[in-house]
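What follows is the content of coords-v1.cif (mmCIF, C-alpha atoms).
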data_my_file
#
loop_
_atom_site.label_atom_id
_atom_site.label_comp_id
_atom_site.auth_asym_id
_atom_site.auth_seq_id
_atom_site.Cartn_x
_atom_site.Cartn_y
_atom_site.Cartn_z
CA MET P 605 131.26 -37.28 -110.56
CA ARG P 606 128.07 -39.30 -110.62
CA PRO P 607 127.45 -41.47 -107.51
CA LYS P 608 127.81 -45.21 -107.82
CA THR P 609 124.80 -47.31 -108.61
CA GLN P 610 124.11 -50.83 -109.80
CA ARG P 611 125.08 -51.59 -113.40
CA MET P 612 122.44 -52.58 -115.94
CA SER P 613 122.47 -55.90 -117.76
CA MET P 614 124.76 -55.92 -120.79
CA ASP P 615 122.06 -56.20 -123.45
CA TYR P 616 120.56 -52.97 -122.06
CA LYS P 617 117.03 -53.98 -123.00
CA ASN P 618 114.78 -52.39 -120.43
CA PRO P 619 111.01 -52.57 -120.97
CA LYS P 620 110.52 -50.45 -117.83
CA LEU P 621 111.71 -47.30 -119.60
CA VAL P 622 108.16 -46.30 -120.49
CA LEU P 623 106.75 -42.87 -119.70
CA GLU P 624 103.55 -41.55 -118.25
CA THR P 625 103.37 -39.14 -121.15
CA ALA P 626 100.78 -36.87 -119.51
CA LYS P 627 103.44 -35.90 -116.97
CA VAL P 628 106.27 -35.28 -119.43
CA GLN P 629 107.48 -31.73 -120.01
CA PRO P 630 109.51 -30.74 -123.11
CA GLY P 631 113.25 -31.14 -122.64
CA ARG P 632 116.58 -31.25 -124.44
CA SER P 633 120.11 -32.54 -124.21
CA VAL P 634 123.17 -31.16 -126.01
CA TRP P 635 126.57 -32.82 -126.35
CA ARG P 636 129.74 -32.02 -128.23
CA SER P 637 131.53 -35.26 -129.05
CA PRO P 638 134.86 -35.60 -130.87
CA SER P 639 135.94 -37.70 -133.76
CA ASN P 640 138.80 -40.10 -133.19
CA LEU P 641 141.70 -41.45 -135.21
CA ALA P 642 142.38 -45.15 -134.89
CA ILE P 643 146.00 -46.15 -134.48
CA VAL P 644 145.23 -49.85 -134.95
CA LYS P 645 142.30 -49.85 -137.36
CA TYR P 646 138.86 -51.40 -137.12
CA TRP P 647 138.09 -52.66 -140.63
CA GLY P 648 135.81 -55.65 -140.88
CA LYS P 649 132.83 -56.59 -138.71
CA HIS P 650 130.29 -59.31 -138.04
CA GLY P 651 126.96 -59.73 -136.30
CA ARG P 652 125.45 -56.49 -135.05
CA GLN P 653 128.38 -54.11 -135.27
CA LEU P 654 130.94 -56.44 -133.69
CA PRO P 655 134.61 -56.02 -134.64
CA ARG P 656 136.76 -58.66 -136.28
CA ASN P 657 139.77 -57.31 -134.36
CA PRO P 658 140.42 -54.93 -131.46
CA SER P 659 141.24 -51.30 -132.22
CA ILE P 660 142.58 -48.33 -130.30
CA SER P 661 142.31 -44.63 -131.08
CA PHE P 662 143.25 -41.13 -130.08
CA THR P 663 140.21 -39.06 -129.19
CA LEU P 664 140.53 -35.70 -130.92
CA ASP P 665 139.66 -32.21 -129.70
CA ARG P 666 138.73 -29.80 -132.51
CA ALA P 667 137.15 -32.26 -134.95
CA TYR P 668 133.76 -32.75 -133.33
CA THR P 669 130.00 -32.93 -133.77
CA GLU P 670 127.55 -30.88 -131.73
CA THR P 671 124.16 -32.52 -131.39
CA GLU P 672 121.03 -31.22 -129.74
CA VAL P 673 118.21 -33.68 -129.07
CA SER P 674 114.88 -32.11 -128.09
CA TYR P 675 111.72 -33.95 -127.11
CA ALA P 676 108.11 -33.13 -126.35
CA PRO P 677 104.89 -35.04 -125.66
CA LYS P 678 103.67 -36.73 -128.81
CA LYS P 679 100.95 -34.87 -130.68
CA GLY P 680 99.60 -37.80 -132.72
CA ALA P 681 98.58 -41.35 -131.96
CA ASP P 682 101.29 -42.93 -134.12
CA ARG P 683 103.49 -45.31 -132.11
CA GLY P 684 106.50 -45.03 -134.44
CA ILE P 685 109.49 -42.71 -134.35
CA ALA P 686 108.47 -39.08 -134.94
CA LEU P 687 111.60 -37.18 -135.99
CA ASP P 688 112.59 -33.83 -137.45
CA PHE P 689 116.29 -33.73 -138.32
CA TYR P 690 118.46 -30.72 -139.19
CA PHE P 691 122.09 -30.73 -140.29
CA ASP P 692 123.97 -27.42 -140.28
CA GLY P 693 120.66 -25.65 -139.66
CA SER P 694 118.74 -27.12 -142.61
CA PRO P 695 116.43 -30.14 -142.96
CA ASN P 696 118.33 -33.13 -144.32
CA GLU P 697 116.15 -35.98 -145.53
CA ALA P 698 119.01 -38.38 -146.26
CA PHE P 699 120.48 -38.04 -142.76
CA ALA P 700 116.99 -38.06 -141.22
CA LYS P 701 116.27 -41.42 -142.84
CA LYS P 702 119.48 -42.92 -141.45
CA VAL P 703 118.97 -41.51 -137.97
CA LYS P 704 115.34 -42.63 -137.87
CA ALA P 705 116.35 -46.16 -138.86
CA PHE P 706 118.93 -46.15 -136.08
CA LEU P 707 116.41 -44.95 -133.50
CA GLU P 708 113.96 -47.64 -134.62
CA SER P 709 116.69 -50.24 -134.11
CA ILE P 710 117.25 -49.28 -130.46
CA THR P 711 113.66 -48.99 -129.19
CA GLU P 712 114.20 -52.10 -127.06
CA ILE P 713 116.95 -50.17 -125.29
CA PHE P 714 114.99 -46.92 -125.11
CA PRO P 715 111.24 -47.79 -125.29
CA PHE P 716 110.36 -44.14 -124.66
CA LEU P 717 111.63 -43.25 -128.15
CA ASN P 718 108.23 -44.21 -129.57
CA GLN P 719 106.35 -42.10 -127.01
CA LEU P 720 107.72 -38.64 -127.82
CA ASP P 721 108.22 -36.22 -130.69
CA TRP P 722 111.90 -35.70 -131.44
CA THR P 723 113.91 -32.91 -133.03
CA ILE P 724 117.63 -33.43 -133.65
CA ARG P 725 120.00 -30.67 -134.77
CA SER P 726 123.55 -31.59 -135.65
CA THR P 727 126.61 -29.84 -137.02
CA ASN P 728 130.26 -30.77 -137.62
CA SER P 729 133.38 -28.68 -137.17
CA PHE P 730 134.94 -30.41 -140.19
CA PRO P 731 133.92 -31.51 -143.72
CA HIS P 732 131.40 -34.35 -143.68
CA SER P 733 132.24 -37.69 -145.39
CA SER P 734 135.77 -36.65 -146.33
CA GLY P 735 137.62 -39.26 -144.31
CA ILE P 736 137.48 -37.72 -140.86
CA ALA P 737 135.28 -40.01 -138.81
CA SER P 738 132.03 -38.03 -138.78
CA SER P 739 130.01 -41.13 -137.89
CA ALA P 740 132.17 -41.57 -134.78
CA SER P 741 131.54 -38.06 -133.53
CA SER P 742 127.88 -37.86 -134.57
CA MET P 743 126.77 -41.25 -133.26
CA SER P 744 128.64 -40.83 -129.98
CA ALA P 745 127.06 -37.39 -129.51
CA LEU P 746 123.61 -38.84 -130.21
CA ALA P 747 124.17 -41.76 -127.83
CA LEU P 748 125.33 -39.42 -125.07
CA CYS P 749 122.21 -37.27 -125.56
CA LEU P 750 119.92 -40.30 -125.37
CA CYS P 751 121.60 -41.65 -122.23
CA THR P 752 121.36 -38.20 -120.63
CA ILE P 753 117.65 -38.04 -121.45
CA GLU P 754 117.11 -41.52 -120.03
CA ASP P 755 118.81 -40.49 -116.81
CA GLU P 756 116.80 -37.26 -116.60
CA LEU P 757 113.49 -39.07 -117.16
CA PHE P 758 114.12 -42.23 -115.15
CA GLY P 759 117.19 -41.67 -112.93
CA THR P 760 118.77 -44.91 -114.15
CA LEU P 761 122.30 -43.77 -115.10
CA SER P 762 123.62 -41.79 -112.16
CA ASP P 763 126.87 -43.80 -112.06
CA ASP P 764 129.34 -42.15 -114.43
CA ASP P 765 131.02 -45.42 -115.42
CA ALA P 766 127.70 -47.07 -116.21
CA PHE P 767 126.59 -43.96 -118.12
CA ARG P 768 129.71 -43.95 -120.29
CA GLN P 769 129.61 -47.68 -120.87
CA LYS P 770 126.00 -47.62 -122.01
CA ALA P 771 126.66 -44.60 -124.23
CA SER P 772 129.58 -46.50 -125.80
CA PHE P 773 127.40 -49.59 -126.27
CA VAL P 774 124.64 -47.57 -127.97
CA ALA P 775 127.08 -45.53 -130.08
CA ARG P 776 128.63 -48.77 -131.32
CA LEU P 777 125.29 -49.87 -132.75
CA GLY P 778 125.27 -46.77 -134.96
CA SER P 779 128.97 -46.74 -135.83
CA GLY P 780 131.60 -49.09 -134.46
CA SER P 781 134.27 -46.42 -134.16
CA ALA P 782 131.81 -44.17 -132.30
CA SER P 783 132.13 -46.47 -129.28
CA ARG P 784 135.63 -45.06 -128.72
CA SER P 785 134.70 -41.36 -128.97
CA VAL P 786 132.88 -41.53 -125.63
CA TYR P 787 136.22 -41.44 -123.77
CA ALA P 788 139.02 -38.91 -123.42
CA GLY P 789 142.58 -39.43 -124.59
CA LEU P 790 142.83 -42.97 -125.84
CA ALA P 791 140.16 -45.66 -126.00
CA MET P 792 140.14 -49.31 -126.99
CA TRP P 793 137.32 -51.33 -128.50
CA GLY P 794 137.40 -55.09 -128.95
CA GLU P 795 138.11 -58.02 -126.68
CA MET P 796 141.76 -58.79 -126.05
CA GLY P 797 142.91 -61.20 -123.38
CA GLU P 798 145.80 -59.09 -122.14
CA VAL P 799 143.58 -56.06 -121.50
CA PRO P 800 141.21 -56.57 -118.53
CA GLY P 801 137.70 -55.29 -119.15
CA SER P 802 138.07 -55.09 -122.94
CA SER P 803 134.96 -56.03 -124.87
CA ASP P 804 133.47 -56.29 -128.34
CA LEU P 805 130.29 -54.65 -127.00
CA TYR P 806 131.72 -51.29 -125.91
CA ALA P 807 134.98 -49.38 -125.67
CA ILE P 808 137.07 -48.84 -122.55
CA PRO P 809 139.24 -45.84 -121.58
CA MET P 810 143.00 -46.29 -121.92
CA ALA P 811 144.37 -42.80 -121.19
CA ASN P 812 145.64 -43.78 -117.74
CA GLN P 813 147.58 -46.74 -119.13
CA VAL P 814 149.93 -44.88 -121.48
CA HIS P 815 153.15 -42.91 -121.13
CA GLU P 816 152.82 -39.18 -120.44
CA VAL P 817 154.34 -38.21 -123.79
CA PHE P 818 151.31 -39.53 -125.68
CA LYS P 819 148.83 -37.55 -123.60
CA THR P 820 149.86 -34.26 -125.23
CA TYR P 821 150.25 -35.47 -128.82
CA HIS P 822 149.10 -33.27 -131.68
CA ASP P 823 147.21 -34.27 -134.82
CA ALA P 824 147.52 -31.92 -137.78
CA ILE P 825 144.77 -32.90 -140.23
CA LEU P 826 145.73 -31.94 -143.78
CA ILE P 827 142.56 -31.53 -145.87
CA VAL P 828 143.51 -32.93 -149.27
CA SER P 829 139.85 -33.00 -150.29
CA LYS P 830 136.67 -31.73 -148.68
CA GLY P 831 134.55 -33.80 -151.08
CA GLU P 832 132.47 -36.81 -150.10
CA LYS P 833 134.19 -40.19 -150.34
CA SER P 834 133.42 -42.33 -153.38
CA VAL P 835 132.87 -45.38 -151.13
CA SER P 836 131.41 -45.14 -147.63
CA SER P 837 133.08 -46.79 -144.65
CA ARG P 838 129.98 -48.95 -144.18
CA ALA P 839 130.37 -50.31 -147.71
CA GLY P 840 134.11 -50.77 -147.16
CA HIS P 841 133.52 -52.91 -144.09
CA GLY P 842 131.11 -55.06 -146.09
CA LEU P 843 133.71 -55.69 -148.78
CA MET P 844 136.05 -57.20 -146.19
CA GLU P 845 133.86 -60.32 -146.15
CA GLY P 846 135.13 -61.26 -149.60
CA ASN P 847 138.66 -59.92 -149.25
CA ILE P 848 141.25 -62.67 -149.72
CA TYR P 849 143.57 -60.96 -147.20
CA ALA P 850 140.94 -60.55 -144.47
CA ASN P 851 141.96 -63.36 -142.11
CA ASN P 852 145.65 -62.45 -142.30
CA ARG P 853 144.68 -58.86 -141.60
CA TYR P 854 142.80 -59.75 -138.44
CA GLN P 855 145.80 -61.74 -137.18
CA GLN P 856 148.12 -58.85 -138.07
CA ALA P 857 145.90 -56.39 -136.21
CA ARG P 858 146.04 -58.41 -133.01
CA GLN P 859 149.83 -58.58 -133.18
CA GLN P 860 149.98 -54.85 -133.91
CA MET P 861 147.77 -54.20 -130.88
CA HIS P 862 150.09 -56.23 -128.66
CA ASP P 863 153.15 -54.35 -129.92
CA LEU P 864 151.42 -50.97 -129.76
CA LEU P 865 150.28 -51.40 -126.17
CA SER P 866 153.90 -51.98 -125.19
CA ALA P 867 155.05 -48.86 -127.08
CA LEU P 868 152.29 -46.73 -125.53
CA ARG P 869 153.19 -47.84 -122.02
CA THR P 870 156.94 -47.28 -122.42
CA GLY P 871 156.80 -44.08 -124.46
CA ASP P 872 158.53 -45.65 -127.48
CA GLU P 873 157.65 -43.04 -130.10
CA GLU P 874 159.55 -44.67 -132.95
CA HIS P 875 157.78 -48.00 -132.49
CA PHE P 876 154.47 -46.18 -132.12
CA GLY P 877 155.09 -44.28 -135.35
CA ARG P 878 155.99 -47.38 -137.34
CA ILE P 879 152.74 -49.07 -136.29
CA LEU P 880 150.73 -45.90 -136.96
CA GLU P 881 151.97 -45.67 -140.54
CA SER P 882 151.78 -49.41 -141.17
CA GLU P 883 148.14 -49.48 -140.09
CA ALA P 884 147.24 -46.51 -142.30
CA LEU P 885 148.79 -48.07 -145.40
CA THR P 886 147.36 -51.50 -144.61
CA LEU P 887 143.87 -49.99 -144.42
CA HIS P 888 144.18 -48.51 -147.90
CA ALA P 889 145.83 -51.66 -149.26
CA LEU P 890 142.77 -53.61 -148.12
CA MET P 891 140.55 -51.19 -150.04
CA MET P 892 142.63 -51.70 -153.17
CA ALA P 893 142.40 -55.48 -152.70
CA SER P 894 138.61 -55.46 -152.29
CA ASN P 895 136.20 -56.75 -154.93
CA PRO P 896 135.53 -54.35 -156.53
CA PRO P 897 138.74 -52.50 -155.65
CA TYR P 898 138.73 -48.80 -154.93
CA ILE P 899 141.22 -46.05 -154.12
CA LEU P 900 140.48 -43.21 -151.69
CA MET P 901 143.96 -41.68 -151.60
CA GLN P 902 144.59 -38.87 -154.08
CA PRO P 903 147.83 -37.74 -155.75
CA HIS P 904 148.41 -35.02 -153.14
CA THR P 905 148.02 -37.64 -150.41
CA ILE P 906 151.03 -39.52 -151.78
CA THR P 907 153.02 -36.30 -152.22
CA LEU P 908 152.38 -35.33 -148.61
CA ILE P 909 153.41 -38.78 -147.35
CA ASN P 910 156.69 -38.56 -149.25
CA LYS P 911 157.39 -35.09 -147.87
CA VAL P 912 156.67 -36.18 -144.28
CA GLN P 913 158.98 -39.19 -144.58
CA ALA P 914 161.74 -37.02 -146.08
CA TYR P 915 161.34 -34.45 -143.29
CA ARG P 916 161.60 -37.16 -140.64
CA LYS P 917 164.74 -38.59 -142.23
CA GLU P 918 166.34 -35.16 -142.50
CA THR P 919 165.49 -33.84 -139.02
CA GLY P 920 165.13 -36.96 -136.90
CA HIS P 921 161.88 -35.54 -135.50
CA PRO P 922 159.20 -38.12 -134.55
CA LEU P 923 156.64 -36.89 -137.07
CA TYR P 924 154.44 -39.71 -138.37
CA PHE P 925 151.36 -39.90 -140.56
CA SER P 926 148.09 -41.76 -140.51
CA LEU P 927 145.02 -42.02 -142.70
CA ASP P 928 141.42 -42.82 -142.02
CA ALA P 929 139.09 -44.06 -144.76
CA GLY P 930 139.67 -41.05 -146.99
CA PRO P 931 142.38 -38.93 -148.66
CA ASN P 932 143.17 -36.56 -145.79
CA LEU P 933 146.45 -37.00 -143.95
CA HIS P 934 146.79 -36.94 -140.15
CA LEU P 935 150.22 -35.95 -138.81
CA PHE P 936 151.00 -37.06 -135.25
CA PHE P 937 153.80 -35.54 -133.22
CA PRO P 938 154.70 -34.74 -129.59
CA ASP P 939 154.16 -31.32 -128.08
CA ARG P 940 157.89 -30.61 -127.81
CA ILE P 941 158.28 -30.22 -131.60
CA LYS P 942 155.00 -28.39 -132.23
CA GLU P 943 156.58 -25.15 -133.45
CA GLU P 944 158.99 -26.87 -135.84
CA VAL P 945 156.30 -29.11 -137.33
CA GLU P 946 153.81 -26.28 -137.82
CA ASN P 947 156.51 -24.23 -139.56
CA PHE P 948 157.12 -27.21 -141.85
CA ILE P 949 153.39 -27.52 -142.57
CA HIS P 950 153.08 -23.86 -143.53
CA ALA P 951 156.25 -23.88 -145.63
CA GLU P 952 155.97 -27.22 -147.42
CA LEU P 953 152.56 -28.89 -147.02
CA VAL P 954 149.80 -26.26 -147.14
CA PRO P 955 150.06 -25.89 -150.98
CA TYR P 956 148.85 -29.51 -151.27
CA CYS P 957 145.77 -28.94 -149.08
CA GLU P 958 142.46 -27.95 -150.68
CA ASP P 959 142.09 -24.19 -150.27
CA GLY P 960 145.18 -24.37 -148.05
CA ARG P 961 143.07 -25.82 -145.25
CA TRP P 962 144.33 -27.88 -142.36
CA ILE P 963 143.09 -28.44 -138.80
CA ALA P 964 145.49 -28.08 -135.88
CA ASP P 965 144.07 -30.75 -133.60
CA GLN P 966 145.36 -32.64 -130.58
CA VAL P 967 144.55 -35.44 -128.20
CA GLY P 968 141.36 -34.31 -126.53
CA LYS P 969 139.57 -34.42 -123.22
CA GLY P 970 136.55 -36.28 -124.54
CA PRO P 971 132.91 -35.30 -125.00
CA LEU P 972 131.46 -32.22 -123.36
CA GLN P 973 127.87 -31.71 -122.25
CA LEU P 974 126.73 -28.24 -123.29
#
Translate the structure of the given file into structure tokens.
Amino acid sequence: MRPKTQRMSMDYKNPKLVLETAKVQPGRSVWRSPSNLAIVKYWGKHGRQLPRNPSISFTLDRAYTETEVSYAPKKGADRGIALDFYFDGSPNEAFAKKVKAFLESITEIFPFLNQLDWTIRSTNSFPHSSGIASSASSMSALALCLCTIEDELFGTLSDDDAFRQKASFVARLGSGSASRSVYAGLAMWGEMGEVPGSSDLYAIPMANQVHEVFKTYHDAILIVSKGEKSVSSRAGHGLMEGNIYANNRYQQARQQMHDLLSALRTGDEEHFGRILESEALTLHALMMASNPPYILMQPHTITLINKVQAYRKETGHPLYFSLDAGPNLHLFFPDRIKEEVENFIHAELVPYCEDGRWIADQVGKGPLQL
């Protein structure tokens, strides 16, 4: 555990984070950070990556991004961002352009970004852009690397709480949902009066405020399609500004959060499951009501949903589904029925997964420094 130190101001702009480059030695930071699956969804934003409603998510375990950030004294005189970016071991110009733009946007937070040469290598354990939140895992991993490098160079983030909070703040600027991936178990992002410490600027950990049953939940991710989504999440958020149901949605989300927090505290799995499924279907209904409308679910997605609901009715087991912004189905269930559910997946659901692929995931322990 990092020792306690004074917190930084909440805008995190720090002009003192400037290096004496002649004294800098090459270095690196490596983090593995998980994706997360929102129970109450974040869909719609304003300002600089601020949410229209609070959200809460399970941090996953096996769906993750590993990111290595290396730095060295700058070779040229250019004062801009000098970046080489590799995804899955190969140069990726499209990702490099996005990451460079992000780094340029946070130079007030990390002034030393302009003083060094950077190499970033990133890889996912799951298909990119298929509806598992790759931006959440990748941006949280990058933010954790940058905060680690700041602490190594300047000694400014020795307090673990301050370190995590700043990493969540920075991750949010790259991807709103990434703010939640910084924490283990469950995390909440967005200000809500009944939750002390909640904020639109960063996420807060919630794992210690929920019933024990939810701490060992499993998430079976059924890969309906490994292909890239037809509409990005960033574009989907933008379309909420013209969605005629937007304001009602934001009110609904706050009520769902209130009800969900009660279910999480008491261990009410049925109530939890109803909200989980309602939020998933609401998310996709909002996409279909956008202008222009779009559909990310595929025929096998609907087939799988029907089979899961029939299984639950027949067995009484608390097996519930969720969706992120894509066609792949997440199945949530408690540890006590793991064997029965996995038998059901193999017997009935695998034929509807692309190449028979699914990921046996679970509520995770959060990011890991490698």
Using the chain letters and numbers from the file, give me the residues hit by the PyMOL selection byres ((chain P and resi 885) around 12), as a PyMOL selection string. chain P and resi 643-645+878-884+886-892+899-901+905-906+909+925-931+933
Kindly compute an axis-aligned box around the listed atoms of range 644-657 of chain P, allowing 6 Å on each side, and express its centre and edge lengths in Å to one decimal as AutoDock Vina command-line options.
--center_x 135.3 --center_y -54.8 --center_z -137.3 --size_x 31.8 --size_y 21.9 --size_z 19.2
If you measure from CA of Asp692 in chain P to CA of Arg725 in chain P, what distance in Å do you get, rounded to one decimal?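 A separation of 7.5 Å between them.
With CA of Ser739 in chain P on one side and CA of Ala893 in chain P on the other, the separation reads 24.1 Å.
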Nearest candidate to Ser779 in chain P (options P:Gly960, P:Pro655, P:Gly684, P:Gly797; using only C-alpha atoms):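 Checking each of P:Gly960, P:Pro655, P:Gly684, P:Gly797 against Ser779 in chain P, counting only C-alpha atoms, the winner is P:Pro655.
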All residues 12 Å or closer to Arg961 in chain P, all atoms listed in the file, same chain fewer than 2 positions away omitted, as a list in words: Phe730, Pro731, Ala824, Ile825, Leu826, Ile827, Val828, Ser829, Lys830, Asn932, Leu933, Ile949, His950, Leu953, Val954, Pro955, Tyr956, Cys957, Glu958, Asp959, Ile963 and Ala964 of chain P
Sel. within 12 Å of pt (114.4, -36.5, -138.7), counting only C-alpha atoms, output as a VMD selection string: chain P and resid 673 to 674 685 to 691 694 to 708 721 to 726
Matched chain/residue IDs from the PyMOL selection byres ((chain P and resi 920-924) around 8), as a list in words: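 Written out, the selection comes to Glu873, Glu874, Gly877, Arg878, Leu880, Glu881, Val912, Gln913, Tyr915, Arg916, Lys917, Glu918, Thr919, Phe925, Ser926, Leu935, Phe936, Phe937, Pro938, Ile941 and Val945 of chain P.
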In Å, how far is it from CA of Pro896 in chain P to CA of Val835 in chain P? 10.8 Å
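Among P:Gly831, P:Pro630, P:Gly759, P:Gly840, the residue with the shortest atom-to-atom distance to Tyr898 in chain P, counting all atoms listed in the file, is P:Gly840.
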Translate the PyMOL selection byres ((chain P and resi 755) around 12), as applied to the file shown, into an explicit residue set as a CSV table (one decimal) with C-alpha atoms, in the coordinates of the input.
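Output file result_33.csv follows:
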chain,number,residue,atom,x,y,z
P,606,ARG,CA,128.1,-39.3,-110.6
P,621,LEU,CA,111.7,-47.3,-119.6
P,633,SER,CA,120.1,-32.5,-124.2
P,714,PHE,CA,115.0,-46.9,-125.1
P,748,LEU,CA,125.3,-39.4,-125.1
P,749,CYS,CA,122.2,-37.3,-125.6
P,750,LEU,CA,119.9,-40.3,-125.4
P,751,CYS,CA,121.6,-41.6,-122.2
P,752,THR,CA,121.4,-38.2,-120.6
P,753,ILE,CA,117.6,-38.0,-121.4
P,754,GLU,CA,117.1,-41.5,-120.0
P,756,GLU,CA,116.8,-37.3,-116.6
P,757,LEU,CA,113.5,-39.1,-117.2
P,758,PHE,CA,114.1,-42.2,-115.2
P,759,GLY,CA,117.2,-41.7,-112.9
P,760,THR,CA,118.8,-44.9,-114.2
P,761,LEU,CA,122.3,-43.8,-115.1
P,762,SER,CA,123.6,-41.8,-112.2
P,763,ASP,CA,126.9,-43.8,-112.1
P,764,ASP,CA,129.3,-42.2,-114.4
P,766,ALA,CA,127.7,-47.1,-116.2
P,767,PHE,CA,126.6,-44.0,-118.1
P,768,ARG,CA,129.7,-44.0,-120.3
P,770,LYS,CA,126.0,-47.6,-122.0
P,771,ALA,CA,126.7,-44.6,-124.2
I'd like the neighbourhood of range 809-821 of chain P as number ranges by chain, where a residue qualifies if any of its atoms comes within 9 Å (using all atoms listed in the file), though same-chain residues fewer than 6 positions away should be ignored. P: 660, 784, 786-792, 865-873, 936-939, 966-968
Quick one: write out the picked residues with C-alpha atoms as an mmCIF file, in the frame of the given file?
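Wrote again.cif, looks like this:
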data_model
loop_
_atom_site.group_PDB
_atom_site.id
_atom_site.type_symbol
_atom_site.label_atom_id
_atom_site.label_comp_id
_atom_site.auth_asym_id
_atom_site.auth_seq_id
_atom_site.Cartn_x
_atom_site.Cartn_y
_atom_site.Cartn_z
ATOM 1 C CA ILE P 660 142.580 -48.330 -130.300
ATOM 2 C CA ARG P 784 135.630 -45.060 -128.720
ATOM 3 C CA VAL P 786 132.880 -41.530 -125.630
ATOM 4 C CA TYR P 787 136.220 -41.440 -123.770
ATOM 5 C CA ALA P 788 139.020 -38.910 -123.420
ATOM 6 C CA GLY P 789 142.580 -39.430 -124.590
ATOM 7 C CA LEU P 790 142.830 -42.970 -125.840
ATOM 8 C CA ALA P 791 140.160 -45.660 -126.000
ATOM 9 C CA MET P 792 140.140 -49.310 -126.990
ATOM 10 C CA LEU P 865 150.280 -51.400 -126.170
ATOM 11 C CA SER P 866 153.900 -51.980 -125.190
ATOM 12 C CA ALA P 867 155.050 -48.860 -127.080
ATOM 13 C CA LEU P 868 152.290 -46.730 -125.530
ATOM 14 C CA ARG P 869 153.190 -47.840 -122.020
ATOM 15 C CA THR P 870 156.940 -47.280 -122.420
ATOM 16 C CA GLY P 871 156.800 -44.080 -124.460
ATOM 17 C CA ASP P 872 158.530 -45.650 -127.480
ATOM 18 C CA GLU P 873 157.650 -43.040 -130.100
ATOM 19 C CA PHE P 936 151.000 -37.060 -135.250
ATOM 20 C CA PHE P 937 153.800 -35.540 -133.220
ATOM 21 C CA PRO P 938 154.700 -34.740 -129.590
ATOM 22 C CA ASP P 939 154.160 -31.320 -128.080
ATOM 23 C CA GLN P 966 145.360 -32.640 -130.580
ATOM 24 C CA VAL P 967 144.550 -35.440 -128.200
ATOM 25 C CA GLY P 968 141.360 -34.310 -126.530
#
Of the listed residues P:Arg656, P:Phe716, P:Leu641, P:Leu843, that which approaches Glu624 in chain P most closely, counting all atoms listed in the file: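 Counting all atoms listed in the file, the residue closest to Glu624 in chain P is P:Phe716.
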Using only C-alpha atoms: which of P:Ile713, P:Ala740, P:Met844, P:Leu974 has the shortest distance to Asn618 in chain P: P:Ile713
Complete range 652-663 of chain P with N, CA and C atoms (output as a PDB file, keeping the file's coordinate frame).
ATOM      1  N   ARG P 652     125.995 -57.838-135.161  1.00  0.00           N
ATOM      2  CA  ARG P 652     125.450 -56.490-135.050  1.00  0.00           C
ATOM      3  C   ARG P 652     126.547 -55.540-134.580  1.00  0.00           C
ATOM      4  N   GLN P 653     127.316 -55.079-135.532  1.00  0.00           N
ATOM      5  CA  GLN P 653     128.380 -54.110-135.270  1.00  0.00           C
ATOM      6  C   GLN P 653     129.416 -54.636-134.276  1.00  0.00           C
ATOM      7  N   LEU P 654     129.891 -55.858-134.507  1.00  0.00           N
ATOM      8  CA  LEU P 654     130.940 -56.440-133.690  1.00  0.00           C
ATOM      9  C   LEU P 654     132.234 -56.473-134.495  1.00  0.00           C
ATOM     10  N   PRO P 655     133.359 -56.158-133.883  1.00  0.00           N
ATOM     11  CA  PRO P 655     134.610 -56.020-134.640  1.00  0.00           C
ATOM     12  C   PRO P 655     135.295 -57.365-134.865  1.00  0.00           C
ATOM     13  N   ARG P 656     135.956 -57.468-136.005  1.00  0.00           N
ATOM     14  CA  ARG P 656     136.760 -58.660-136.280  1.00  0.00           C
ATOM     15  C   ARG P 656     138.088 -58.619-135.537  1.00  0.00           C
ATOM     16  N   ASN P 657     138.522 -57.433-135.118  1.00  0.00           N
ATOM     17  CA  ASN P 657     139.770 -57.310-134.360  1.00  0.00           C
ATOM     18  C   ASN P 657     139.659 -56.111-133.430  1.00  0.00           C
ATOM     19  N   PRO P 658     140.427 -56.093-132.356  1.00  0.00           N
ATOM     20  CA  PRO P 658     140.420 -54.930-131.460  1.00  0.00           C
ATOM     21  C   PRO P 658     141.078 -53.733-132.134  1.00  0.00           C
ATOM     22  N   SER P 659     140.684 -52.545-131.683  1.00  0.00           N
ATOM     23  CA  SER P 659     141.240 -51.300-132.220  1.00  0.00           C
ATOM     24  C   SER P 659     141.464 -50.330-131.072  1.00  0.00           C
ATOM     25  N   ILE P 660     142.310 -49.345-131.314  1.00  0.00           N
ATOM     26  CA  ILE P 660     142.580 -48.330-130.300  1.00  0.00           C
ATOM     27  C   ILE P 660     142.762 -46.999-131.016  1.00  0.00           C
ATOM     28  N   SER P 661     142.299 -45.921-130.392  1.00  0.00           N
ATOM     29  CA  SER P 661     142.310 -44.630-131.080  1.00  0.00           C
ATOM     30  C   SER P 661     142.634 -43.486-130.140  1.00  0.00           C
ATOM     31  N   PHE P 662     143.143 -42.414-130.743  1.00  0.00           N
ATOM     32  CA  PHE P 662     143.250 -41.130-130.080  1.00  0.00           C
ATOM     33  C   PHE P 662     141.909 -40.410-130.234  1.00  0.00           C
ATOM     34  N   THR P 663     141.363 -39.946-129.136  1.00  0.00           N
ATOM     35  CA  THR P 663     140.210 -39.060-129.190  1.00  0.00           C
ATOM     36  C   THR P 663     140.707 -37.660-129.507  1.00  0.00           C
TER      37      THR P 663
END
